[in-house]
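Q: This is query25.cif, which holds mmCIF, C-alpha atoms and all ligand atoms:
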```cif
data_upload
loop_
_atom_site.label_atom_id
_atom_site.label_comp_id
_atom_site.auth_asym_id
_atom_site.auth_seq_id
_atom_site.Cartn_x
_atom_site.Cartn_y
_atom_site.Cartn_z
CA MET A 1 89.35 124.96 104.46
CA VAL A 2 88.29 121.52 105.64
CA THR A 3 91.27 119.23 106.06
CA LYS A 4 91.51 115.44 106.25
CA PHE A 5 91.53 113.50 109.50
CA LYS A 6 94.81 112.74 111.21
CA GLY A 7 95.97 109.24 110.24
CA THR A 8 94.28 109.27 106.82
CA ARG A 9 96.02 110.10 103.57
CA ASP A 10 95.43 111.28 100.02
CA TYR A 11 96.96 109.52 97.04
CA PHE A 12 97.66 111.56 93.90
CA GLY A 13 100.31 112.04 91.23
CA LEU A 14 103.35 109.82 91.59
CA GLU A 15 102.20 108.33 94.88
CA ALA A 16 98.93 107.19 93.26
CA LYS A 17 100.98 105.59 90.47
CA ARG A 18 103.15 103.82 93.04
CA PHE A 19 100.02 102.52 94.74
CA GLU A 20 98.66 101.35 91.42
CA LEU A 21 101.89 99.54 90.49
CA THR A 22 102.03 97.88 93.91
CA THR A 23 98.44 96.67 93.76
CA SER A 24 98.92 95.46 90.18
CA ILE A 25 101.78 93.27 91.39
CA LEU A 26 99.64 92.02 94.28
CA GLU A 27 96.85 91.17 91.84
CA ARG A 28 99.32 89.37 89.58
CA VAL A 29 100.69 87.22 92.40
CA ALA A 30 97.12 86.48 93.52
CA LYS A 31 96.47 85.20 90.01
CA GLU A 32 99.65 83.07 90.04
CA PHE A 33 98.35 81.39 93.20
CA SER A 34 94.85 81.06 91.76
CA LEU A 35 93.18 83.19 94.42
CA ASN A 36 89.70 84.58 93.78
CA LYS A 37 89.00 88.22 94.56
CA VAL A 38 86.44 89.17 97.20
CA ILE A 39 85.08 92.59 98.04
CA THR A 40 83.31 93.02 101.36
CA PRO A 41 81.47 96.03 102.80
CA THR A 42 83.45 98.73 104.61
CA PHE A 43 81.24 98.35 107.68
CA GLU A 44 79.79 95.30 109.39
CA LYS A 45 77.85 94.48 112.53
CA THR A 46 80.19 95.14 115.48
CA GLU A 47 79.46 91.65 116.77
CA LEU A 48 81.27 90.12 113.78
CA PHE A 49 84.60 91.58 114.86
CA SER A 50 84.14 91.25 118.61
CA ARG A 51 83.38 87.53 118.21
CA ALA A 52 86.02 86.77 115.59
CA VAL A 53 88.94 88.94 116.65
CA GLY A 54 88.18 88.86 120.38
CA ASN A 55 86.88 91.38 122.89
CA ASP A 56 90.15 91.56 124.84
CA THR A 57 92.27 92.44 121.83
CA ASP A 58 93.47 96.00 121.27
CA VAL A 59 92.03 95.90 117.77
CA VAL A 60 88.47 95.45 119.07
CA ASN A 61 88.78 96.98 122.50
CA LYS A 62 90.73 100.12 121.80
CA GLU A 63 91.06 100.72 118.08
CA MET A 64 87.76 99.97 116.40
CA TYR A 65 85.64 102.76 114.88
CA THR A 66 82.30 101.78 116.37
CA PHE A 67 79.11 103.80 116.37
CA ASN A 68 75.36 103.44 116.30
CA ASP A 69 73.54 104.06 113.06
CA ARG A 70 70.28 105.96 112.87
CA LYS A 71 68.35 102.92 114.04
CA GLU A 72 70.65 102.42 117.06
CA ARG A 73 72.39 99.37 115.60
CA SER A 74 76.06 99.05 116.54
CA ILE A 75 78.20 99.06 113.43
CA SER A 76 81.99 99.10 113.00
CA LEU A 77 84.33 100.07 110.21
CA ARG A 78 86.29 96.90 109.41
CA PRO A 79 89.59 96.83 111.35
CA GLU A 80 90.78 93.74 109.44
CA GLY A 81 89.60 91.46 106.64
CA THR A 82 89.56 87.91 107.99
CA ALA A 83 86.28 88.17 109.92
CA SER A 84 84.49 89.77 106.96
CA THR A 85 85.84 87.11 104.59
CA VAL A 86 84.62 84.28 106.84
CA ARG A 87 81.20 85.94 106.95
CA LEU A 88 81.19 86.38 103.17
CA ALA A 89 82.18 82.73 102.62
CA LEU A 90 79.46 81.44 104.94
CA GLU A 91 76.73 83.82 103.90
CA ASN A 92 77.30 83.09 100.21
CA LYS A 93 77.69 79.35 100.75
CA LEU A 94 81.20 79.23 99.30
CA LEU A 95 82.15 76.54 101.80
CA ASP A 96 79.13 74.30 101.21
CA ASN A 97 80.50 71.75 98.76
CA ASN A 98 83.98 70.67 99.65
CA GLY A 99 84.65 73.64 101.91
CA GLN A 100 87.62 74.72 99.82
CA GLU A 101 88.05 78.29 98.65
CA ASP A 102 91.13 80.49 98.26
CA VAL A 103 90.48 84.22 98.18
CA TYR A 104 92.20 87.59 98.39
CA TYR A 105 91.22 91.19 98.96
CA ILE A 106 92.65 94.65 98.66
CA ALA A 107 90.75 96.99 100.93
CA SER A 108 91.14 99.80 103.40
CA MET A 109 90.96 99.00 107.11
CA PHE A 110 90.34 101.31 110.03
CA ARG A 111 92.06 101.33 113.41
CA TYR A 112 92.20 104.16 115.90
CA GLU A 113 95.95 103.99 116.53
CA ARG A 114 98.49 106.71 117.13
CA PRO A 115 99.54 107.74 113.61
CA GLN A 116 103.22 107.58 112.65
CA LYS A 117 105.27 106.51 109.64
CA GLY A 118 103.65 103.31 108.32
CA ARG A 119 100.88 103.46 110.92
CA GLN A 120 97.60 105.08 109.97
CA ARG A 121 93.99 105.14 111.04
CA GLU A 122 92.84 104.23 107.56
CA PHE A 123 95.29 101.92 105.81
CA TYR A 124 95.17 99.38 103.01
CA GLN A 125 95.66 95.66 103.31
CA PHE A 126 96.20 92.92 100.79
CA GLY A 127 94.87 89.78 102.44
CA VAL A 128 94.83 86.10 101.53
CA GLU A 129 92.46 83.60 103.15
CA ARG A 130 92.52 79.90 102.26
CA PHE A 131 89.66 77.72 103.45
CA GLY A 132 89.35 73.95 103.73
CA LYS A 133 93.00 73.06 103.32
CA ASP A 134 94.91 71.66 106.23
CA SER A 135 98.47 70.53 105.69
CA ALA A 136 102.01 71.69 106.30
CA PHE A 137 102.32 72.11 102.52
CA VAL A 138 99.45 74.60 102.50
CA ASP A 139 101.01 76.42 105.45
CA VAL A 140 104.33 76.70 103.65
CA GLU A 141 102.73 77.56 100.31
CA THR A 142 100.84 80.38 102.03
CA ILE A 143 104.08 81.74 103.46
CA MET A 144 105.57 81.41 99.96
CA THR A 145 102.79 83.60 98.55
CA ALA A 146 103.98 86.37 100.85
CA ILE A 147 107.59 85.72 99.89
CA LYS A 148 106.75 85.88 96.18
CA ILE A 149 105.26 89.34 96.70
CA LEU A 150 108.32 90.57 98.57
CA ARG A 151 110.57 89.14 95.88
CA ASP A 152 108.59 90.72 93.01
CA LEU A 153 108.92 94.09 94.72
CA ASN A 154 112.67 93.54 95.27
CA ILE A 155 112.29 93.66 99.05
CA THR A 156 115.16 91.87 100.76
CA LYS A 157 115.46 93.54 104.15
CA TYR A 158 113.12 91.48 106.27
CA GLU A 159 113.03 88.60 108.69
CA LEU A 160 110.41 85.85 108.63
CA GLN A 161 109.47 84.99 112.21
CA ILE A 162 107.41 81.91 112.99
CA ASN A 163 105.93 80.27 116.07
CA SER A 164 103.34 77.67 116.95
CA ILE A 165 100.66 78.51 119.50
CA GLY A 166 99.03 75.05 119.57
CA ASN A 167 95.31 74.59 120.10
CA SER A 168 92.90 76.29 122.50
CA ASN A 169 93.39 73.62 125.21
CA ASP A 170 97.14 74.19 125.09
CA ARG A 171 96.65 77.90 125.40
CA ALA A 172 94.31 77.46 128.38
CA LYS A 173 97.03 75.45 130.15
CA TYR A 174 99.67 77.95 129.16
CA ASN A 175 97.46 80.79 130.31
CA SER A 176 97.49 79.59 133.90
CA SER A 177 101.26 79.14 134.02
CA LEU A 178 101.79 82.53 132.39
CA LYS A 179 99.36 84.04 134.87
CA GLU A 180 101.45 82.73 137.71
CA PHE A 181 104.62 84.16 136.20
CA ILE A 182 103.04 87.54 135.57
CA SER A 183 101.45 87.85 138.98
CA SER A 184 104.95 87.56 140.49
CA LYS A 185 106.14 90.47 138.30
CA LEU A 186 102.99 92.55 138.31
CA GLU A 187 104.50 95.55 140.09
CA GLN A 188 107.23 95.90 137.47
CA LEU A 189 104.86 95.76 134.51
CA SER A 190 103.31 98.71 132.66
CA GLU A 191 99.72 99.84 133.18
CA TYR A 192 98.95 98.35 129.76
CA ALA A 193 100.23 94.91 130.76
CA LYS A 194 98.46 95.09 134.14
CA GLU A 195 95.20 95.85 132.41
CA LYS A 196 95.63 92.84 130.10
CA TYR A 197 96.42 90.66 133.12
CA ASN A 198 93.34 91.86 134.94
CA LEU A 199 91.13 91.12 131.94
CA GLY A 200 92.12 87.45 132.32
CA ASN A 201 93.39 86.80 128.78
CA VAL A 202 97.04 86.84 129.86
CA LEU A 203 98.36 85.94 126.44
CA ARG A 204 97.47 89.45 125.36
CA VAL A 205 100.21 90.79 127.65
CA PHE A 206 102.53 89.87 124.77
CA ASP A 207 100.87 92.58 122.67
CA SER A 208 102.59 95.19 124.83
CA LYS A 209 104.98 97.46 122.96
CA VAL A 210 106.61 98.76 126.17
CA ASP A 211 110.31 97.83 126.16
CA SER A 212 110.49 97.04 129.90
CA ASP A 213 107.50 94.66 129.54
CA LEU A 214 109.16 92.89 126.65
CA GLU A 215 112.37 92.58 128.62
CA LEU A 216 110.50 90.99 131.55
CA LEU A 217 108.54 88.69 129.28
CA LYS A 218 111.78 87.22 127.94
CA ASP A 219 111.91 85.11 131.11
CA ALA A 220 108.26 84.03 130.87
CA PRO A 221 107.44 80.38 130.19
CA THR A 222 107.02 79.87 126.44
CA ILE A 223 103.89 78.53 124.80
CA PHE A 224 105.87 75.86 123.03
CA GLU A 225 106.35 73.96 126.31
CA TYR A 226 102.56 73.51 126.43
CA ILE A 227 101.58 72.57 122.94
CA ASN A 228 100.23 69.13 122.02
CA ASP A 229 102.20 66.52 120.09
CA GLU A 230 100.25 66.92 116.86
CA SER A 231 100.91 70.66 116.80
CA LYS A 232 104.57 70.05 117.58
CA GLU A 233 104.76 67.57 114.75
CA ARG A 234 103.12 70.04 112.34
CA PHE A 235 105.56 72.75 113.39
CA GLU A 236 108.49 70.38 112.75
CA GLN A 237 107.12 69.55 109.30
CA ILE A 238 106.76 73.24 108.46
CA LYS A 239 110.31 73.98 109.58
CA ASN A 240 111.64 71.07 107.53
CA LEU A 241 109.78 72.20 104.44
CA LEU A 242 110.99 75.78 104.85
CA ASN A 243 114.56 74.50 105.18
CA GLU A 244 114.15 72.27 102.17
CA HIS A 245 112.93 75.15 100.03
CA GLY A 246 115.64 77.50 101.21
CA VAL A 247 113.32 79.81 103.11
CA GLU A 248 115.13 81.50 105.98
CA TYR A 249 113.22 82.06 109.20
CA THR A 250 113.71 82.62 112.90
CA ILE A 251 111.60 81.18 115.66
CA ASN A 252 110.11 83.85 117.88
CA GLN A 253 108.66 82.14 120.93
CA SER A 254 106.84 85.23 122.12
CA LEU A 255 105.07 85.70 118.78
CA VAL A 256 101.38 85.15 119.58
CA ARG A 257 99.78 87.79 117.24
CA GLY A 258 97.33 90.40 118.44
CA LEU A 259 94.14 88.66 117.33
CA ASP A 260 92.40 85.80 119.16
CA TYR A 261 91.50 83.49 116.29
CA TYR A 262 94.83 81.78 115.62
CA ASN A 263 96.07 78.25 116.30
CA ASP A 264 99.27 76.37 115.39
CA ILE A 265 101.48 78.25 112.93
CA VAL A 266 101.65 82.03 113.28
CA PHE A 267 104.09 84.17 111.32
CA GLU A 268 105.21 87.71 110.72
CA PHE A 269 107.51 89.33 108.20
CA VAL A 270 109.35 92.00 110.14
CA SER A 271 111.23 94.70 108.26
CA THR A 272 114.93 95.23 108.96
CA ASP A 273 114.91 98.28 106.69
CA VAL A 274 115.38 100.89 109.42
CA GLU A 275 115.89 103.70 106.92
CA ASN A 276 112.47 103.34 105.27
CA LEU A 277 110.39 101.75 108.02
CA GLY A 278 112.04 102.47 111.35
CA SER A 279 112.86 99.63 113.69
CA LYS A 280 110.81 96.44 114.06
CA SER A 281 107.95 97.24 111.73
CA THR A 282 105.80 94.25 110.81
CA ILE A 283 104.88 94.30 107.13
CA ILE A 284 102.94 91.01 107.02
CA GLY A 285 101.13 89.02 109.68
CA GLY A 286 99.20 85.79 109.50
CA GLY A 287 98.57 82.28 110.68
CA ARG A 288 96.21 79.35 110.86
CA TYR A 289 92.69 79.83 112.24
CA ASP A 290 90.98 76.45 112.14
CA SER A 291 88.08 77.16 114.50
CA LEU A 292 86.94 80.57 113.28
CA VAL A 293 84.47 79.27 110.71
CA SER A 294 82.77 76.96 113.22
CA LYS A 295 82.43 79.88 115.62
CA PHE A 296 79.91 81.35 113.18
CA ASP A 297 78.45 78.12 111.87
CA GLU A 298 78.75 75.16 114.23
CA SER A 299 77.86 72.72 111.48
CA LYS A 300 81.05 73.55 109.63
CA ASP A 301 84.52 72.31 110.45
CA VAL A 302 86.64 74.22 107.97
CA PRO A 303 90.35 74.69 108.65
CA ALA A 304 91.82 77.95 107.35
CA ILE A 305 95.01 79.92 107.03
CA GLY A 306 95.81 83.40 105.81
CA PHE A 307 97.83 86.55 106.11
CA ALA A 308 97.56 90.26 105.45
CA ILE A 309 100.08 92.78 104.21
CA GLY A 310 99.93 96.45 105.14
CA ILE A 311 100.17 98.07 101.71
CA GLU A 312 101.60 101.38 102.97
CA ARG A 313 104.34 99.50 104.81
CA LEU A 314 104.93 97.32 101.77
CA MET A 315 105.34 100.44 99.65
CA LEU A 316 107.86 101.89 102.10
CA ALA A 317 109.81 98.64 102.02
CA ALA A 318 109.66 98.71 98.20
CA THR A 319 110.91 102.30 97.94
CA ALA A 320 113.83 101.47 95.61
CA PHE A 321 111.71 99.30 93.29
CA LEU A 322 108.91 101.86 93.10
CA ASP A 323 111.35 104.74 92.51
CA ALA A 324 112.84 102.84 89.60
CA ASN A 325 109.56 101.75 88.05
CA THR A 326 107.11 104.62 88.34
CA THR A 327 106.88 107.80 86.37
CA THR A 328 103.98 110.04 85.56
CA SER A 329 104.72 109.76 81.85
CA VAL A 330 102.22 109.81 78.99
CA ASP A 331 102.98 108.33 75.59
CA ASN A 332 101.33 110.89 73.42
CA TYR A 333 100.44 114.48 73.86
CA VAL A 334 98.11 116.00 71.30
CA ALA A 335 98.52 119.75 71.10
CA VAL A 336 96.57 122.15 68.94
CA ALA A 337 98.94 124.60 67.31
CA TYR A 338 96.43 127.35 66.77
CA GLU A 339 93.21 128.30 68.35
CA GLU A 340 90.81 127.86 65.51
CA GLU A 341 87.90 125.71 66.41
CA ALA A 342 88.17 123.43 63.40
CA MET A 343 91.64 122.35 64.55
CA GLN A 344 90.43 121.62 68.02
CA ASN A 345 87.97 119.26 66.50
CA ALA A 346 90.73 117.64 64.39
CA ALA A 347 92.79 117.28 67.61
CA LEU A 348 89.92 115.50 69.30
CA LYS A 349 89.71 113.14 66.34
CA VAL A 350 93.45 112.41 66.37
CA ALA A 351 93.34 111.77 70.12
CA ASN A 352 90.42 109.38 69.71
CA THR A 353 92.15 107.50 66.90
CA LEU A 354 95.25 107.02 69.05
CA ARG A 355 93.18 105.89 72.02
CA GLN A 356 91.34 103.49 69.78
CA LYS A 357 94.73 101.88 69.21
CA GLY A 358 95.16 101.58 72.98
CA GLU A 359 97.64 104.43 73.41
CA THR A 360 97.75 106.88 76.31
CA VAL A 361 96.86 110.34 75.15
CA GLU A 362 96.70 113.67 76.88
CA THR A 363 95.18 116.64 75.06
CA ASP A 364 95.78 120.34 75.31
CA PHE A 365 92.95 122.38 73.85
CA SER A 366 94.07 125.56 75.59
CA LYS A 367 95.02 128.85 73.94
CA ARG A 368 98.62 128.61 75.21
CA LYS A 369 101.48 129.29 72.79
CA LEU A 370 102.88 126.19 71.09
CA ALA A 371 106.24 126.61 72.89
CA LYS A 372 104.41 126.51 76.22
CA LYS A 373 102.57 123.37 75.10
CA PHE A 374 105.90 121.70 74.31
CA GLU A 375 107.14 122.64 77.75
CA LEU A 376 104.09 121.07 79.37
CA ALA A 377 104.37 117.94 77.25
CA GLU A 378 107.98 117.58 78.34
CA LYS A 379 107.01 118.11 81.96
CA HIS A 380 104.46 115.34 81.61
CA ASN A 381 107.18 113.12 80.21
CA ALA A 382 105.46 112.70 76.85
CA THR A 383 107.21 110.86 74.07
CA ASN A 384 105.38 112.32 71.08
CA VAL A 385 103.56 115.59 70.56
CA TYR A 386 101.02 115.62 67.75
CA ILE A 387 100.74 119.16 66.43
CA ILE A 388 97.53 120.01 64.68
CA GLY A 389 98.17 123.12 62.61
CA ASN A 390 97.06 124.71 59.35
CA GLU A 391 98.27 121.77 57.27
CA VAL A 392 95.49 119.67 58.74
CA ALA A 393 93.35 121.14 55.95
CA GLU A 394 95.46 119.02 53.56
CA GLY A 395 95.11 116.00 55.82
CA LYS A 396 98.54 116.37 57.41
CA ILE A 397 99.86 116.82 60.92
CA THR A 398 103.32 117.03 62.49
CA ILE A 399 104.61 114.57 65.06
CA LYS A 400 107.43 115.83 67.24
CA ASN A 401 109.39 113.24 69.18
CA ILE A 402 110.35 115.13 72.31
CA LYS A 403 112.87 112.58 73.55
CA GLU A 404 114.78 112.47 70.24
CA GLY A 405 114.16 116.09 69.24
CA THR A 406 112.95 115.09 65.76
CA SER A 407 109.84 116.10 63.82
CA LYS A 408 108.04 114.61 60.86
CA GLU A 409 104.98 115.45 58.88
CA VAL A 410 102.57 112.55 58.48
CA ASN A 411 99.38 111.88 56.68
CA LEU A 412 96.40 111.79 59.02
CA LYS A 413 95.44 108.44 57.53
CA GLU A 414 98.73 106.96 58.65
CA ILE A 415 98.22 107.38 62.36
P1 LIG B 501 97.43 92.28 111.51
O1 LIG B 501 98.75 91.79 111.99
O2 LIG B 501 96.56 92.95 112.49
O3 LIG B 501 96.70 91.00 110.91
O4 LIG B 501 97.65 93.22 110.27
C1 LIG B 501 98.37 92.81 109.14
C2 LIG B 501 99.24 93.94 108.61
O5 LIG B 501 98.46 95.11 108.41
C3 LIG B 501 100.33 94.40 109.58
O6 LIG B 501 101.45 93.56 109.53
C4 LIG B 501 100.64 95.79 109.04
O7 LIG B 501 101.50 95.73 107.93
C5 LIG B 501 99.28 96.27 108.57
N1 LIG B 501 98.70 97.17 109.58
C6 LIG B 501 98.06 96.88 110.72
N2 LIG B 501 97.69 98.00 111.37
C7 LIG B 501 98.12 99.04 110.61
C8 LIG B 501 98.04 100.47 110.72
N3 LIG B 501 97.42 101.06 111.74
N4 LIG B 501 98.60 101.23 109.74
C9 LIG B 501 99.22 100.65 108.67
N5 LIG B 501 99.32 99.31 108.51
C10 LIG B 501 98.77 98.52 109.46
C11 LIG B 501 95.45 91.00 110.37
O8 LIG B 501 94.84 92.00 110.10
C12 LIG B 501 94.93 89.63 110.06
N6 LIG B 501 93.56 89.76 109.54
C13 LIG B 501 95.85 88.92 109.09
C14 LIG B 501 95.35 87.55 108.72
C15 LIG B 501 94.68 87.21 107.61
N7 LIG B 501 95.47 86.48 109.46
C16 LIG B 501 94.89 85.46 108.85
N8 LIG B 501 94.40 85.91 107.73
#
```
Re-express the file's structure as structure tokens.
Ligand code: HAM
A:
Amino acid sequence: MVTKFKGTRDYFGLEAKRFELTTSILERVAKEFSLNKVITPTFEKTELFSRAVGNDTDVVNKEMYTFNDRKERSISLRPEGTASTVRLALENKLLDNNGQEDVYYIASMFRYERPQKGRQREFYQFGVERFGKDSAFVDVETIMTAIKILRDLNITKYELQINSIGNSNDRAKYNSSLKEFISSKLEQLSEYAKEKYNLGNVLRVFDSKVDSDLELLKDAPTIFEYINDESKERFEQIKNLLNEHGVEYTINQSLVRGLDYYNDIVFEFVSTDVENLGSKSTIIGGGRYDSLVSKFDESKDVPAIGFAIGIERLMLAATAFLDANTTTSVDNYVAVAYEEEAMQNAALKVANTLRQKGETVETDFSKRKLAKKFELAEKHNATNVYIIGNEVAEGKITIKNIKEGTSKEVNLKEI
């Protein structure tokens, strides 16, 4: 027996239905916000991710599935969707006219992480990327898209955390002060944090998940002390708008996100649903990334903002909603009462007629006894069983309503 890889999963039966319901809600919200769907390839040139996400990030440095193809070209399975979407937008000239385009994707991503509940090596993301729009209203509206999704899935146990990380000049200044702080604590930090420090991109020390590192970093200077006035002003505006619209949030000054492309507003929706997700699991992460497009095409100055939701984590957070709204039921179950071939053909016709009317139909052409067929129909949660028996010769069949326990004979023409 060949089994699947650790950190990957199969979807079938009820779980596949739950996935389908979740993605249908995601698609619906995408429509409400007038987002256009994009589908990008599963693999890209490695350079796309190393340049966009950053070489010092865990995502690129430690977690990416990278290999050479048969012609020795380095390719990577996509670890996230933003870089691919920027490439798609540029390559297909979506940003050429006014530079504005709002898109979404639902796609699997690949990261070589240690698998655990809600953390996989292949996982699905729903992502939103909005190009060419730069205002606090767009920032807040983007956050509201995420909130709408959580609301539609009846998810209430979460905390919205926000921060501003200013522009790249601010971060360069902050980097040197943080470096100073960290060098004085180096001995007490984990090997992970030391490695990040030695790589030079000290901000990435905040990506550490080691408790003692996080405790030490609480005393570190915060990025907010270094950000420029315009960024401060934008952050104030965002906070005011969130307050005005009744959106609760907390400011997390050590929130810098694990990817290099961000500036100004960054945000995460962190679950407080310990039962379904464990402690401190981030369901949604995003932020502004105004200089990513120009990194790939210098002639373009296109501000952007987006976020991505981990669909598996979203489904865990939506456990109650999905339990209440998914069944593996079928509406109609067409069973042949006897084995004669002519009746099987009549059954096929009845099934096709029902499907023509848009109904869900399962057929049972087997030689099982009728009682067994009823049992199966019930197991499949069918409402009606259409029984094709001898009377079909006179153009009649029997419909049994399993839920109500009633039967009636009907004319074939009536269905
Ligand atoms: P990210 O924070 O790396 O951001 O991932 C977003 C979400 O994907 C996480 O909050 C989490 O729910 C889910 N996720 C990440 N890794 C895993 C994993 N190994 N297993 C299960 N779920 C996972 C991004 O990917 C950015 N591209 C988001 C973005 C879009 N920023 C701007 N636009």
Q: Extract, using all atoms listed in the file, all DNA, RNA and protein residues at most 7 Å from A:Ser329, discarding same-chain residues fewer than 2 positions from it, and format them as number ranges by chain.
A: A: 327, 331, 380-382
Q: What are the nearest atom pairs, with distances in Å to one decimal, for all residues of chain A that come at most 8 Å from ligand LIG 501 (chain B), using only C-alpha atoms and all ligand atoms, set out by chain and rising residue number as a tab-separated table?
A:
```
residue	atom	partner	partner_atom	distance
A:Val59	CA	B:LIG501	O2	7.6
A:Pro79	CA	B:LIG501	O8	7.2
A:Glu80	CA	B:LIG501	O8	4.5
A:Gly81	CA	B:LIG501	N6	5.2
A:Thr82	CA	B:LIG501	N6	4.7
A:Ala83	CA	B:LIG501	N6	7.5
A:Met109	CA	B:LIG501	C7	8.0
A:Phe110	CA	B:LIG501	N3	7.3
A:Arg111	CA	B:LIG501	N3	5.6
A:Tyr112	CA	B:LIG501	N3	7.4
A:Glu113	CA	B:LIG501	N3	5.8
A:Arg114	CA	B:LIG501	N3	7.9
A:Pro115	CA	B:LIG501	N3	7.3
A:Gly118	CA	B:LIG501	C9	5.2
A:Arg119	CA	B:LIG501	N4	3.4
A:Gln120	CA	B:LIG501	N4	4.0
A:Arg121	CA	B:LIG501	N3	5.4
A:Glu122	CA	B:LIG501	N4	6.9
A:Phe123	CA	B:LIG501	C9	5.0
A:Tyr124	CA	B:LIG501	N5	6.9
A:Gln125	CA	B:LIG501	O5	5.8
A:Gly127	CA	B:LIG501	C15	5.8
A:Val128	CA	B:LIG501	C15	6.2
A:Glu129	CA	B:LIG501	N8	5.5
A:Arg257	CA	B:LIG501	O1	6.7
A:Gly258	CA	B:LIG501	O2	6.5
A:Leu259	CA	B:LIG501	O2	6.9
A:Tyr262	CA	B:LIG501	C16	7.7
A:Glu268	CA	B:LIG501	O6	7.1
A:Phe269	CA	B:LIG501	O6	7.5
A:Ser281	CA	B:LIG501	O7	7.6
A:Thr282	CA	B:LIG501	O6	4.6
A:Ile283	CA	B:LIG501	O7	3.8
A:Ile284	CA	B:LIG501	O6	3.9
A:Gly285	CA	B:LIG501	O1	4.3
A:Gly286	CA	B:LIG501	N7	3.8
A:Gly287	CA	B:LIG501	C16	5.2
A:Arg288	CA	B:LIG501	C16	6.6
A:Tyr289	CA	B:LIG501	C16	6.9
A:Ile305	CA	B:LIG501	C16	5.8
A:Gly306	CA	B:LIG501	N8	3.5
A:Phe307	CA	B:LIG501	C15	3.6
A:Ala308	CA	B:LIG501	C13	4.2
A:Ile309	CA	B:LIG501	C2	4.6
A:Gly310	CA	B:LIG501	O7	3.3
A:Ile311	CA	B:LIG501	O7	6.8
A:Glu312	CA	B:LIG501	C9	6.2
A:Arg313	CA	B:LIG501	O7	5.7
A:Leu314	CA	B:LIG501	O7	7.2
```
Q: Which residues are close to A:Glu191, i.e. within 12 Å by all atoms listed in the file, leaving aside same-chain residues fewer than 4 positions away? Reply as an mmCIF file with C-alpha atoms, in the frame of the given file.
A:
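The new file result.cif reads:
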```cif
data_model
loop_
_atom_site.group_PDB
_atom_site.id
_atom_site.type_symbol
_atom_site.label_atom_id
_atom_site.label_comp_id
_atom_site.auth_asym_id
_atom_site.auth_seq_id
_atom_site.Cartn_x
_atom_site.Cartn_y
_atom_site.Cartn_z
ATOM 1 C CA LEU A 186 102.990 92.550 138.310
ATOM 2 C CA GLU A 187 104.500 95.550 140.090
ATOM 3 C CA GLU A 195 95.200 95.850 132.410
ATOM 4 C CA LYS A 196 95.630 92.840 130.100
ATOM 5 C CA TYR A 197 96.420 90.660 133.120
ATOM 6 C CA ASN A 198 93.340 91.860 134.940
ATOM 7 C CA VAL A 205 100.210 90.790 127.650
ATOM 8 C CA SER A 208 102.590 95.190 124.830
ATOM 9 C CA LYS A 209 104.980 97.460 122.960
ATOM 10 C CA VAL A 210 106.610 98.760 126.170
ATOM 11 C CA SER A 212 110.490 97.040 129.900
ATOM 12 C CA ASP A 213 107.500 94.660 129.540
#
```
Q: From the list A:Leu203, A:Val361, A:Leu88, A:Leu14, which residue is nearest A:Phe296 when using all atoms listed in the file?
A: A:Leu88
Q: Which one is closest to A:Asn201: A:Thr360, A:Thr66, A:Ser108, A:Asn55? Count only C-alpha atoms.
A: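 Nearest candidate to A:Asn201 out of A:Thr360, A:Thr66, A:Ser108, A:Asn55: A:Asn55.
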Q: Find the residues around stretch 401-407 of chain A up to 10 Å (only C-alpha atoms counted), leave out those fewer than 6 positions away in its own chain, and share them as a list in words.
A: Asn332, Phe374, Glu375, Ala377, Glu378, Asn381, Ala382, Thr383, Asn384, Val385, Tyr386 and Ile387 of chain A
Q: List the neighbours of A:Asp229 out to 12 Å using only C-alpha atoms; skip same-chain residues closer than 2 positions along the sequence, and give me the result as a list of chain:residue names.
A: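 Counting only C-alpha atoms, the residues come to A:Ser164, A:Gly166, A:Asn167, A:Asp170, A:Phe224, A:Glu225, A:Tyr226, A:Ile227, A:Ser231, A:Lys232, A:Glu233, A:Arg234, A:Phe235, A:Glu236, A:Asp264.
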Q: What's around stretch 240-249 of chain A at 9 Å? Count all atoms listed in the file, leave out sequence neighbours fewer than 6 positions away in its own chain, and write the answer as a VMD selection string.
A: chain A and resid 136 to 137 140 144 147 159 to 162
Q: Assuming the input is short of atoms at stretch 80-84 of chain A, produce N, CA, C and O atoms for that part as a tab-separated table (two decimals), in the frame of the given file.
A:
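Output file part-v1.tsv follows:
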```tsv
chain	number	residue	atom	x	y	z
A	80	GLU	N	89.98	94.78	110.09
A	80	GLU	CA	90.78	93.74	109.44
A	80	GLU	C	89.85	92.96	108.51
A	80	GLU	O	88.63	93.15	108.55
A	81	GLY	N	90.42	92.07	107.68
A	81	GLY	CA	89.60	91.46	106.64
A	81	GLY	C	89.19	90.01	106.87
A	81	GLY	O	88.32	89.50	106.17
A	82	THR	N	89.83	89.34	107.83
A	82	THR	CA	89.56	87.91	107.99
A	82	THR	C	88.11	87.63	108.41
A	82	THR	O	87.44	86.77	107.85
A	83	ALA	N	87.64	88.39	109.42
A	83	ALA	CA	86.28	88.17	109.92
A	83	ALA	C	85.26	88.39	108.80
A	83	ALA	O	84.35	87.56	108.60
A	84	SER	N	85.43	89.48	108.04
A	84	SER	CA	84.49	89.77	106.96
A	84	SER	C	84.52	88.68	105.90
A	84	SER	O	83.49	88.31	105.32
```
